[in-house]
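Note: the block below is upload28.cif and it holds mmCIF, C-alpha atoms.
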data_work
loop_
_atom_site.label_atom_id
_atom_site.label_comp_id
_atom_site.auth_asym_id
_atom_site.auth_seq_id
_atom_site.Cartn_x
_atom_site.Cartn_y
_atom_site.Cartn_z
CA MET A 252 -23.80 -0.19 13.73
CA SER A 253 -24.68 -3.43 15.31
CA GLY A 254 -27.17 -6.19 14.54
CA ARG A 255 -27.29 -8.85 11.88
CA ASP A 256 -24.81 -8.35 9.04
CA PRO A 257 -25.84 -9.58 5.56
CA PHE A 258 -22.19 -10.24 4.69
CA CYS A 259 -21.53 -12.63 7.57
CA ARG A 260 -21.26 -16.00 5.85
CA PRO A 261 -19.81 -19.42 6.70
CA ARG A 262 -16.05 -19.21 7.00
CA SER A 263 -15.62 -22.41 5.05
CA VAL A 264 -15.26 -20.33 1.86
CA ARG A 265 -11.76 -20.84 0.49
CA ARG A 266 -9.49 -18.06 1.64
CA GLY A 267 -6.12 -19.46 2.67
CA ALA A 268 -4.53 -18.93 -0.73
CA ALA A 269 -5.46 -15.27 -0.55
CA LEU A 270 -2.75 -14.63 1.96
CA THR A 271 0.02 -15.58 -0.45
CA LEU A 272 -1.03 -13.15 -3.16
CA VAL A 273 0.27 -9.71 -3.93
CA PHE A 274 -1.97 -6.65 -3.99
CA ALA A 275 1.01 -4.58 -5.18
CA SER A 276 0.86 -0.82 -5.49
CA VAL A 277 2.93 2.33 -5.70
CA LEU A 278 3.96 1.19 -2.26
CA VAL A 279 7.14 0.07 -3.99
CA ALA A 280 7.88 3.74 -4.51
CA GLY A 281 7.68 4.13 -0.77
CA ALA A 282 10.21 1.38 -0.28
CA ALA A 283 12.63 3.17 -2.50
CA THR A 284 12.15 6.66 -1.22
CA GLY A 285 12.02 5.82 2.44
CA SER A 286 8.31 5.66 3.12
CA LEU A 287 6.89 2.68 4.93
CA PRO A 288 7.20 0.02 2.27
CA GLY A 289 6.39 -3.54 1.43
CA ALA A 290 4.28 -5.05 -1.28
CA ASP A 291 0.66 -5.92 -0.78
CA ARG A 292 1.40 -9.57 -0.33
CA GLY A 293 0.49 -12.40 2.00
CA ASP A 294 2.49 -13.70 4.89
CA ALA A 295 4.61 -16.16 2.88
CA ALA A 296 8.00 -14.53 2.43
CA ASP A 297 8.98 -17.15 -0.12
CA GLY A 298 5.83 -16.66 -2.20
CA ALA A 299 7.88 -15.88 -5.28
CA ALA A 300 9.43 -19.30 -5.26
CA GLN A 301 6.12 -21.04 -4.61
CA ALA A 302 3.89 -19.35 -7.18
CA ALA A 303 3.33 -21.19 -10.44
CA PRO A 304 3.30 -19.11 -13.66
CA VAL A 305 -0.16 -17.70 -14.39
CA GLY A 306 -1.23 -15.71 -17.47
CA HIS A 307 1.56 -13.37 -18.56
CA HIS A 308 3.86 -14.95 -15.97
CA ALA A 309 4.42 -17.85 -18.36
CA GLU A 310 5.39 -15.47 -21.18
CA VAL A 311 7.75 -13.50 -18.96
CA ALA A 312 9.31 -16.68 -17.52
CA ARG A 313 9.81 -18.04 -21.04
CA ALA A 314 11.50 -14.81 -22.17
CA ALA A 315 13.83 -14.95 -19.17
CA GLU A 316 14.67 -18.63 -19.77
CA GLU A 317 15.46 -18.02 -23.45
CA ALA A 318 17.69 -15.08 -22.54
CA ALA A 319 19.57 -17.19 -20.00
CA ALA A 320 20.04 -19.95 -22.57
CA HIS A 321 21.65 -17.46 -24.97
CA GLY A 322 23.85 -15.80 -22.37
CA ALA A 323 21.73 -12.63 -22.19
CA SER A 324 20.25 -10.99 -19.11
CA PRO A 325 17.08 -12.76 -17.90
CA LEU A 326 16.13 -9.69 -15.90
CA GLU A 327 16.29 -7.36 -18.91
CA ALA A 328 14.40 -9.84 -21.06
CA ALA A 329 11.72 -10.12 -18.39
CA GLU A 330 11.44 -6.33 -18.17
CA ARG A 331 10.86 -6.11 -21.92
CA ALA A 332 8.22 -8.85 -21.73
CA VAL A 333 6.43 -7.05 -18.88
CA SER A 334 6.50 -3.81 -20.86
CA ARG A 335 4.92 -5.56 -23.86
CA SER A 336 2.22 -7.10 -21.66
CA GLY A 337 0.68 -3.70 -20.96
CA ASP A 338 0.38 -4.57 -17.27
CA ARG A 339 0.28 -1.23 -15.47
CA TRP A 340 1.31 -2.77 -12.16
CA GLY A 341 3.72 -5.37 -13.53
CA ALA A 342 7.30 -5.15 -12.29
CA VAL A 343 10.58 -7.06 -12.30
CA TYR A 344 13.01 -6.93 -9.38
CA SER A 345 16.60 -8.07 -9.15
CA ARG A 346 17.42 -10.58 -6.41
CA GLY A 347 18.85 -7.84 -4.21
CA GLU A 348 15.89 -5.53 -4.77
CA TYR A 349 13.44 -8.24 -3.91
CA GLU A 350 15.32 -9.27 -0.77
CA GLU A 351 15.30 -5.65 0.37
CA PHE A 352 11.66 -5.45 -0.61
CA GLU A 353 10.84 -8.45 1.59
CA ALA A 354 12.86 -7.05 4.48
CA THR A 355 10.73 -3.90 4.46
CA LEU A 356 7.74 -5.97 5.52
CA ASP A 357 9.23 -5.92 9.03
CA GLY A 358 9.08 -2.12 9.00
CA ALA A 359 12.81 -1.48 8.43
CA TYR A 360 14.01 -0.04 5.15
CA THR A 361 16.75 1.88 3.39
CA GLY A 362 15.70 5.27 2.07
CA VAL A 363 15.58 8.99 2.67
CA GLY A 364 12.25 9.18 4.49
CA LEU A 365 9.70 10.33 1.96
CA TRP A 366 6.52 8.83 0.51
CA ALA A 367 5.94 9.28 -3.21
CA ARG A 368 3.18 8.60 -5.72
CA GLU A 369 2.49 9.10 -9.40
CA ARG A 370 0.12 11.91 -10.36
CA ASP A 371 -0.59 12.97 -13.95
CA GLY A 372 2.60 11.34 -15.19
CA ARG A 373 4.77 13.00 -12.56
CA ILE A 374 6.21 11.80 -9.28
CA GLU A 375 4.92 13.72 -6.28
CA VAL A 376 6.03 13.63 -2.63
CA SER A 377 2.97 12.68 -0.58
CA ARG A 378 4.51 12.55 2.90
CA VAL A 379 7.84 13.10 4.64
CA GLY A 380 8.86 11.24 7.80
CA SER A 381 9.73 13.39 10.79
CA GLY A 382 13.45 13.50 11.52
CA THR A 383 14.40 11.62 8.35
CA PRO A 384 17.06 12.78 5.86
CA ALA A 385 14.34 14.12 3.54
CA ASP A 386 12.78 16.08 6.39
CA GLU A 387 16.14 17.54 7.40
CA ALA A 388 16.74 18.53 3.77
CA GLY A 389 13.54 20.57 3.77
CA ILE A 390 11.58 18.37 1.34
CA ARG A 391 7.84 18.70 1.88
CA PRO A 392 4.60 16.97 0.78
CA GLY A 393 3.44 18.29 -2.58
CA ASP A 394 6.97 18.76 -3.92
CA ARG A 395 7.50 17.18 -7.34
CA LEU A 396 10.45 14.88 -7.93
CA ARG A 397 11.89 15.74 -11.35
CA SER A 398 15.15 13.79 -11.43
CA VAL A 399 17.28 11.29 -9.50
CA ASP A 400 21.05 11.55 -9.89
CA GLY A 401 20.52 13.53 -13.10
CA GLU A 402 18.03 11.12 -14.69
CA LYS A 403 14.60 12.64 -15.38
CA VAL A 404 11.68 10.73 -13.89
CA ASP A 405 8.65 12.42 -15.47
CA GLY A 406 6.61 9.85 -17.37
CA ARG A 407 8.65 6.90 -16.14
CA PRO A 408 7.06 3.93 -14.37
CA VAL A 409 7.18 4.23 -10.63
CA THR A 410 9.13 0.97 -10.42
CA GLU A 411 11.95 2.53 -12.45
CA VAL A 412 11.99 5.59 -10.21
CA VAL A 413 12.15 3.25 -7.23
CA SER A 414 15.25 1.57 -8.60
CA LEU A 415 16.96 4.92 -9.15
CA LEU A 416 16.13 6.22 -5.69
CA ARG A 417 17.28 3.13 -3.88
CA GLY A 418 20.37 2.69 -6.00
CA ASP A 419 20.10 -1.10 -5.68
CA ARG A 420 21.35 -1.91 -9.16
CA ALA A 421 24.30 0.40 -8.66
CA GLY A 422 25.15 -1.32 -5.38
CA LYS A 423 24.20 1.67 -3.22
CA ALA A 424 23.37 1.22 0.45
CA ALA A 425 22.67 3.17 3.61
CA GLY A 426 25.19 6.02 3.83
CA SER A 427 25.34 6.63 0.10
CA THR A 428 24.07 9.89 -1.34
CA VAL A 429 21.43 10.58 -3.95
CA ARG A 430 20.88 13.89 -5.78
CA LEU A 431 17.24 14.81 -6.19
CA GLY A 432 15.87 17.36 -8.63
CA LEU A 433 12.81 18.97 -7.01
CA GLU A 434 10.10 21.47 -7.87
CA ARG A 435 7.77 23.45 -5.63
CA GLY A 436 5.49 25.88 -7.41
CA SER A 437 7.75 28.04 -9.59
CA ARG A 438 10.89 27.09 -7.67
CA SER A 439 13.24 24.36 -8.93
CA TRP A 440 16.28 23.14 -7.03
CA SER A 441 18.57 20.18 -6.37
CA GLU A 442 19.11 18.50 -3.04
CA THR A 443 21.74 15.90 -2.15
CA VAL A 444 20.40 13.53 0.51
CA ARG A 445 22.12 10.66 2.27
CA ARG A 446 20.30 7.33 2.36
CA ALA A 447 19.79 5.82 5.82
CA ARG A 448 18.47 2.66 7.42
CA LEU A 449 15.14 3.71 8.87
CA SER A 450 12.33 2.18 10.84
CA ARG A 451 8.95 3.36 11.98
CA ASP A 452 6.02 2.04 13.93
CA PRO A 453 3.24 1.76 11.36
CA VAL A 454 0.51 2.27 13.98
CA THR A 455 0.33 5.32 16.23
CA VAL A 456 -2.40 6.11 18.75
CA ARG A 457 -3.36 9.41 20.36
CA SER A 458 -6.35 10.89 22.15
CA LEU A 459 -7.98 14.21 21.38
CA ALA A 460 -9.35 16.57 24.01
CA SER A 461 -12.84 15.51 22.97
CA GLY A 462 -12.08 11.94 24.04
CA VAL A 463 -11.90 10.62 20.48
CA THR A 464 -9.08 8.12 19.88
CA ILE A 465 -7.06 8.49 16.66
CA VAL A 466 -5.54 5.26 15.35
CA GLN A 467 -3.25 6.13 12.44
CA VAL A 468 -1.99 3.31 10.21
CA SER A 469 0.75 4.43 7.81
CA ALA A 470 1.20 1.00 6.17
CA PHE A 471 0.24 -2.62 6.72
CA THR A 472 3.58 -4.13 7.66
CA LYS A 473 3.99 -7.22 9.85
CA GLY A 474 2.16 -6.94 13.15
CA SER A 475 0.24 -3.79 12.24
CA GLY A 476 -3.15 -5.52 12.20
CA GLU A 477 -2.76 -6.81 15.74
CA LYS A 478 -1.58 -3.36 16.86
CA VAL A 479 -4.83 -1.91 15.51
CA GLY A 480 -6.73 -4.53 17.49
CA ALA A 481 -4.76 -3.71 20.65
CA ALA A 482 -5.46 0.01 20.19
CA VAL A 483 -9.19 -0.68 19.96
CA ARG A 484 -9.18 -2.91 23.03
CA GLU A 485 -7.18 -0.39 25.07
CA ALA A 486 -9.20 2.69 24.08
CA PRO A 487 -11.56 4.04 26.76
CA LYS A 488 -14.92 2.27 26.55
CA GLU A 489 -16.83 5.45 25.75
CA SER A 490 -14.29 6.63 23.14
CA GLY A 491 -15.17 6.80 19.46
CA ILE A 492 -12.34 5.97 17.03
CA VAL A 493 -11.03 7.68 13.93
CA LEU A 494 -9.09 5.15 11.85
CA ASP A 495 -6.71 7.40 9.92
CA LEU A 496 -5.70 5.71 6.66
CA ARG A 497 -4.63 8.85 4.81
CA GLY A 498 -1.47 8.31 2.81
CA ASN A 499 -1.50 4.58 3.59
CA PRO A 500 -0.12 2.94 0.41
CA GLY A 501 -1.15 -0.60 1.35
CA GLY A 502 0.94 -3.48 2.61
CA LEU A 503 0.26 -7.01 3.74
CA VAL A 504 -3.29 -8.05 2.93
CA ALA A 505 -3.32 -10.43 5.92
CA GLU A 506 -2.63 -7.45 8.20
CA ALA A 507 -5.47 -5.41 6.65
CA VAL A 508 -7.83 -8.35 7.25
CA THR A 509 -6.63 -8.60 10.86
CA ALA A 510 -7.30 -4.87 11.26
CA ALA A 511 -10.80 -5.38 9.87
CA SER A 512 -11.31 -8.12 12.46
CA ALA A 513 -10.89 -5.51 15.21
CA PHE A 514 -14.15 -3.88 14.11
CA LEU A 515 -16.19 -6.77 12.65
CA ASP A 516 -17.70 -9.91 14.09
CA GLY A 517 -16.47 -12.19 11.33
CA GLY A 518 -17.90 -12.08 7.83
CA LEU A 519 -16.72 -11.00 4.42
CA VAL A 520 -13.92 -8.45 3.96
CA ALA A 521 -13.36 -8.79 0.19
CA THR A 522 -13.58 -11.16 -2.74
CA TYR A 523 -11.04 -11.51 -5.52
CA ASP A 524 -10.33 -13.59 -8.58
CA VAL A 525 -7.16 -15.28 -9.75
CA ALA A 526 -7.21 -16.51 -13.34
CA GLY A 527 -11.00 -16.65 -13.15
CA GLU A 528 -11.19 -18.53 -9.83
CA GLN A 529 -13.21 -16.69 -7.18
CA ARG A 530 -11.86 -16.51 -3.63
CA ALA A 531 -12.71 -14.63 -0.46
CA LEU A 532 -11.19 -12.98 2.59
CA HIS A 533 -13.02 -13.13 5.93
CA ALA A 534 -12.61 -11.34 9.24
CA GLU A 535 -12.19 -13.25 12.47
CA PRO A 536 -15.20 -13.15 14.83
CA GLY A 537 -15.28 -11.17 18.07
CA GLY A 538 -14.45 -7.62 16.94
CA ASP A 539 -15.89 -4.46 18.49
CA THR A 540 -19.04 -3.77 16.46
CA ARG A 541 -20.61 -1.06 18.65
CA ARG A 542 -17.94 1.58 19.15
CA PRO A 543 -18.47 4.69 16.92
CA LEU A 544 -16.01 4.52 14.00
CA VAL A 545 -14.91 6.87 11.22
CA ALA A 546 -12.42 5.85 8.52
CA LEU A 547 -10.41 8.86 7.32
CA VAL A 548 -9.03 8.54 3.77
CA ASP A 549 -7.52 10.55 0.90
CA GLY A 550 -5.99 10.12 -2.56
CA GLY A 551 -2.96 8.43 -1.01
CA THR A 552 -5.08 5.64 0.54
CA MET A 553 -4.31 2.65 -1.63
CA SER A 554 -4.71 -1.06 -2.19
CA ALA A 555 -4.95 -3.03 1.08
CA ALA A 556 -6.00 0.19 2.84
CA GLU A 557 -8.79 0.57 0.27
CA LEU A 558 -9.76 -3.06 0.83
CA LEU A 559 -10.21 -2.33 4.54
CA THR A 560 -12.07 0.94 3.88
CA GLY A 561 -14.45 -0.72 1.43
CA ALA A 562 -15.25 -3.51 3.87
CA LEU A 563 -16.02 -1.13 6.75
CA GLN A 564 -18.14 1.08 4.48
CA ASP A 565 -20.10 -1.68 2.74
CA ARG A 566 -20.92 -3.41 5.99
CA GLY A 567 -22.17 -0.23 7.63
CA ARG A 568 -19.47 -0.38 10.27
CA ALA A 569 -17.84 3.00 9.61
CA VAL A 570 -18.60 6.38 8.12
CA VAL A 571 -15.89 7.18 5.57
CA VAL A 572 -14.68 10.79 5.63
CA GLY A 573 -12.13 12.52 3.39
CA SER A 574 -11.51 12.43 -0.35
CA ARG A 575 -11.70 9.69 -2.97
CA THR A 576 -9.05 7.00 -2.54
CA PHE A 577 -6.43 6.09 -5.14
CA GLY A 578 -8.16 3.17 -6.89
CA LYS A 579 -5.70 0.26 -6.81
CA GLY A 580 -7.66 -2.97 -6.74
CA SER A 581 -5.70 -5.44 -8.84
CA VAL A 582 -4.04 -8.63 -7.61
CA GLN A 583 -0.41 -9.43 -8.38
CA MET A 584 1.42 -12.73 -8.03
CA PRO A 585 5.23 -13.19 -7.88
CA THR A 586 7.27 -15.70 -9.90
CA GLU A 587 11.00 -16.35 -9.51
CA LEU A 588 13.05 -16.18 -12.72
CA PRO A 589 16.18 -18.23 -13.64
CA ASP A 590 18.67 -15.67 -12.31
CA GLY A 591 16.85 -15.19 -8.98
CA SER A 592 15.05 -12.03 -10.07
CA VAL A 593 11.30 -11.85 -9.50
CA ALA A 594 8.44 -10.85 -11.81
CA GLU A 595 5.16 -9.66 -10.33
CA LEU A 596 2.22 -9.47 -12.73
CA THR A 597 -1.49 -8.83 -12.41
CA VAL A 598 -3.64 -11.97 -12.22
CA GLY A 599 -6.99 -10.62 -11.01
CA HIS A 600 -8.97 -7.96 -9.15
CA TYR A 601 -10.61 -7.66 -5.78
CA ARG A 602 -14.07 -6.35 -4.90
CA THR A 603 -15.66 -4.99 -1.75
CA PRO A 604 -18.31 -7.04 0.10
CA SER A 605 -21.12 -5.46 -1.96
CA GLY A 606 -19.32 -6.35 -5.20
CA ARG A 607 -17.83 -2.94 -6.02
CA GLY A 608 -14.66 -2.91 -8.08
CA VAL A 609 -12.00 -0.59 -6.67
CA ASP A 610 -9.41 -0.63 -9.47
CA GLY A 611 -9.52 2.66 -11.36
CA HIS A 612 -12.43 3.92 -9.26
CA GLY A 613 -11.33 4.14 -5.66
CA ILE A 614 -13.63 4.46 -2.67
CA THR A 615 -15.95 7.50 -2.54
CA PRO A 616 -16.28 8.87 1.02
CA ASP A 617 -19.67 9.19 2.68
CA LEU A 618 -18.64 12.74 3.59
CA GLU A 619 -16.23 14.75 1.45
CA ALA A 620 -13.65 16.72 3.44
CA ASP A 621 -10.27 18.10 2.39
CA GLY A 622 -8.58 20.90 4.29
CA ARG A 623 -10.07 20.16 7.72
CA ALA A 624 -10.68 16.46 7.28
CA LEU A 625 -9.57 15.40 10.75
CA GLU A 626 -11.81 18.00 12.39
CA ARG A 627 -14.75 16.80 10.30
CA ALA A 628 -14.00 13.21 11.24
CA GLU A 629 -13.88 14.14 14.93
CA THR A 630 -17.26 15.85 14.63
CA VAL A 631 -18.82 12.88 12.85
CA VAL A 632 -17.55 10.28 15.31
CA GLY A 633 -18.80 12.43 18.16
CA GLY A 634 -22.23 12.55 16.53
CA LEU A 635 -22.26 8.78 16.11
CA GLY A 636 -21.58 8.44 19.83
CA ARG A 637 -24.59 10.58 20.70
#
What does this structure look like when you write it as structure tokens?
Amino acid sequence: MSGRDPFCRPRSVRRGAALTLVFASVLVAGAATGSLPGADRGDAADGAAQAAPVGHHAEVARAAEEAAAHGASPLEAAERAVSRSGDRWGAVYSRGEYEEFEATLDGAYTGVGLWARERDGRIEVSRVGSGTPADEAGIRPGDRLRSVDGEKVDGRPVTEVVSLLRGDRAGKAAGSTVRLGLERGSRSWSETVRRARLSRDPVTVRSLASGVTIVQVSAFTKGSGEKVGAAVREAPKESGIVLDLRGNPGGLVAEAVTAASAFLDGGLVATYDVAGEQRALHAEPGGDTRRPLVALVDGGTMSAAELLTGALQDRGRAVVVGSRTFGKGSVQMPTELPDGSVAELTVGHYRTPSGRGVDGHGITPDLEADGRALERAETVVGGLGR
């Protein structure tokens, strides 16, 4: 996996603006439910205030301004405008929701400790944090969330479910309770869970008996990219690495690019367009290009995590093992509205280094593996080492 890379190009290609964009995803559901949250955005925390209206942003901003002028709710007017736009990933957040949303980028969040995603019009629990309120309540991955405080969630946008779970608009905070309607197989039940202020290290490292190093990244929050780099540098020289991105809902694009830099010697990570203007993201030079590497993915691998997976696969740096990823490859940009609320709407799409579109397609693994995916990944990385 070494040698000349056809995607290594001059780094003069415009890329700085990329780091202020949003590659938003169902990650917002994680922020609400207590999974590692954050939006797939760049490192500018005040990006909402800086971004100029683009595309549907202008329509949504105009609707909010007209509502404010007539004494109506700008937020509600913006929500209606987003709904009319047909933007699947469009969302509107109150000031408080967005501030909490931004705070989650540091890895701290208010929630109950479960990851959630939409599947076939329903909300499904994809992961539960160890020792969290959801874990202590006996909630498990695969459970379906049917209602929140008596309100049914089937068929509702994930952003609405997020708002209900967090209780932001009702002024709820850590210590408040939320009643969840759940379903597991033929069993249906209700569980009252207390919200808590939680934190978690998004990068964990462990070694297997075979000598393989597992670097698991649960989300790309601030500092996670450098932690991936440190894990690679500190791993035994002869150790192959399994980069476990299963259930990773995305995060900060800048952090995903930094993680890519740990395994690449510069070159292209992804391209994307904003209102028809083409831009690019590049890795920093000096990464480890020789160590055997497997990227482990599943249907919960989304957005920025897919961007990283696609780059490693296209450039021949990693063998991808697991199941097809989620398929979230659209670019969102935030705009602040008159009342301080924030609208995030789709403005473009990103592509892998070879030009593949991810949105609606996902990344297909080189080797399909479901039930024993980690074992298969360990076998593959061991083979690469030989």
**Request:** Mind checking which residues fall within 9 Å of stretch 378-381 of chain A, counting only C-alpha atoms, ignoring those fewer than 2 positions away in the same chain, and posting them as a VMD selection string?
**Result:** chain A and resid 285 to 286 363 to 367 376 383 to 387 390 to 393 451 498
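Reported to one decimal place, the separation of atom CA of A:His612 from atom CA of A:Pro543 is 26.9 Å.
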**Request:** Select, from A:Gly337, A:Gly491, A:Gly567, A:Gly591, the residue with the minimum atom-to-atom distance to A:Ser605, counting all atoms listed in the file.
**Result:** A:Gly567
**Message:** Need the shell around stretch 597-604 of chain A: protein/DNA/RNA residues with any atom at most 10 Å away, counting all atoms listed in the file. Skip same-chain ones fewer than 4 positions apart. Format as a ChimeraX atom specification?
**Reply:** /A:257-259,272-275,305-308,338-342,518-533,554,557-566,579-585,608-610,614
**Asked** If you measure from atom CA of A:Pro616 to atom CA of A:Val570, what distance in Å do you get, rounded to one decimal?
**Response** 7.9 Å
**Message:** As an exercise, work out the distance from atom CA of A:Val399 to atom CA of A:Leu416 in Å and give it to one decimal place.
**Reply:**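 Atom CA of A:Leu416 lies at a distance of 6.4 Å from atom CA of A:Val399.
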**Complete:** Min atom-atom distance to A:Thr455 from the set A:Thr361, A:Leu326, A:Val483, A:Trp440, counting all atoms listed in the file, belongs to A:Val483
**Message:** Residues within 6 Å of (24.7, 7.4, 1.7), file coordinates, counting all atoms listed in the file: what are they? Give the list as a list in words.
**Reply:**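 In the file's frame, the residues around the point are Ala425, Gly426, Ser427, Thr428, Arg445 and Arg446 of chain A.
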**Asked** From the set A:Ala312, A:Phe514, A:Gly502, A:Val631, which residue has the shortest atom-to-atom contact distance to A:Ala481, counting only C-alpha atoms?
**Response** A:Phe514
**Message:** Report as a ChimeraX atom specification all protein, DNA and RNA residues lying within 9 Å of A:Arg331, evaluated on all atoms listed in the file, omitting residues in the same chain fewer than 5 positions from it.
**Reply:** /A:311,314,326,336
**Asked** Which residues, written as an MDAnalysis selection string, have at least one atom at most 7 Å from A:Ala511, with only C-alpha atoms counted and residues fewer than 4 positions away on the same chain left out?
**Response** chainID A and resid 507 515 534 559
Atoms kept (C-alpha atoms) for selection, written as a CSV table (one decimal), keeping the file's coordinate frame:
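Everything below was put into selection-v7.csv:
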chain,number,residue,atom,x,y,z
A,507,ALA,CA,-5.5,-5.4,6.6
A,515,LEU,CA,-16.2,-6.8,12.6
A,534,ALA,CA,-12.6,-11.3,9.2
A,559,LEU,CA,-10.2,-2.3,4.5
**Message:** Excluding stretch 371-374 of chain A and its own-chain neighbours fewer than 2 positions away, which residues fall within 8 Å of it when counting all atoms listed in the file? Please give them as an NGL selection string.
**Reply:** :A and (367-369 or 376 or 395-397 or 404-407 or 409)
**Residues selected by the PyMOL selection byres ((chain A and resi 499) around 7), written as JSON, numbers by chain** = {"A": [468, 469, 470, 496, 497, 498, 500, 501, 551, 552, 553, 556]}
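With distances taken from (17.4, 2.0, 9.5) and restricted to all atoms listed in the file, the residues inside 6 Å are Ala359, Tyr360, Ala447, Arg448, Leu449 and Ser450 of chain A.
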Those same residues, written as a PDB file, keeping the file's coordinate frame with C-alpha atoms?
ATOM      1  CA  ALA A 359      12.810  -1.480   8.430  1.00  0.00           C
ATOM      2  CA  TYR A 360      14.010  -0.040   5.150  1.00  0.00           C
ATOM      3  CA  ALA A 447      19.790   5.820   5.820  1.00  0.00           C
ATOM      4  CA  ARG A 448      18.470   2.660   7.420  1.00  0.00           C
ATOM      5  CA  LEU A 449      15.140   3.710   8.870  1.00  0.00           C
ATOM      6  CA  SER A 450      12.330   2.180  10.840  1.00  0.00           C
TER       7      SER A 450
END
Centre and edges of the stretch 547-565 of chain A box, axis-aligned, 6 Å extra per side, as AutoDock Vina command-line options:
--center_x -11.5 --center_y 3.5 --center_z 2.4 --size_x 29.1 --size_y 26.1 --size_z 21.9
**Message:** Can you translate the PyMOL selection byres ((chain A and resi 328) around 9) into the concrete residues it hits in this file, as a list in words?
**Reply:**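 Checking the PyMOL selection byres ((chain A and resi 328) around 9) against this file, the residues are Val311, Ala314, Ala315, Glu316, Glu317, Ala318, Ala323, Ser324, Pro325, Leu326, Glu327, Ala329, Glu330, Arg331, Ala332 and Val333 of chain A.
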**Message:** Ranking A:Gly476, A:Gly538, A:Ala482, A:Glu442 by minimum distance to A:Thr509 and counting only C-alpha atoms, which one comes first?
**Reply:** A:Gly476
**Request:** Name the residues that the PyMOL selection byres ((chain A and resi 617) around 8) picks from the file above, as a list of chain:residue names, using the file's chain letters and numbers.
**Result:**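 For this structure, the PyMOL selection byres ((chain A and resi 617) around 8) captures A:Val570, A:Val571, A:Val572, A:Thr615, A:Pro616, A:Leu618, A:Glu619.
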**Asked** Of the candidates A:Ala319, A:Ala510, A:Leu431, A:Ser345, which one gets nearest to A:Ala594 if we count only C-alpha atoms?
**Response** A:Ser345
**Prompt:** Taking only C-alpha atoms into account, which of A:Ala354, A:Leu544, A:Val343, A:Leu433 comes nearest A:Val466?
**Reply:** A:Leu544
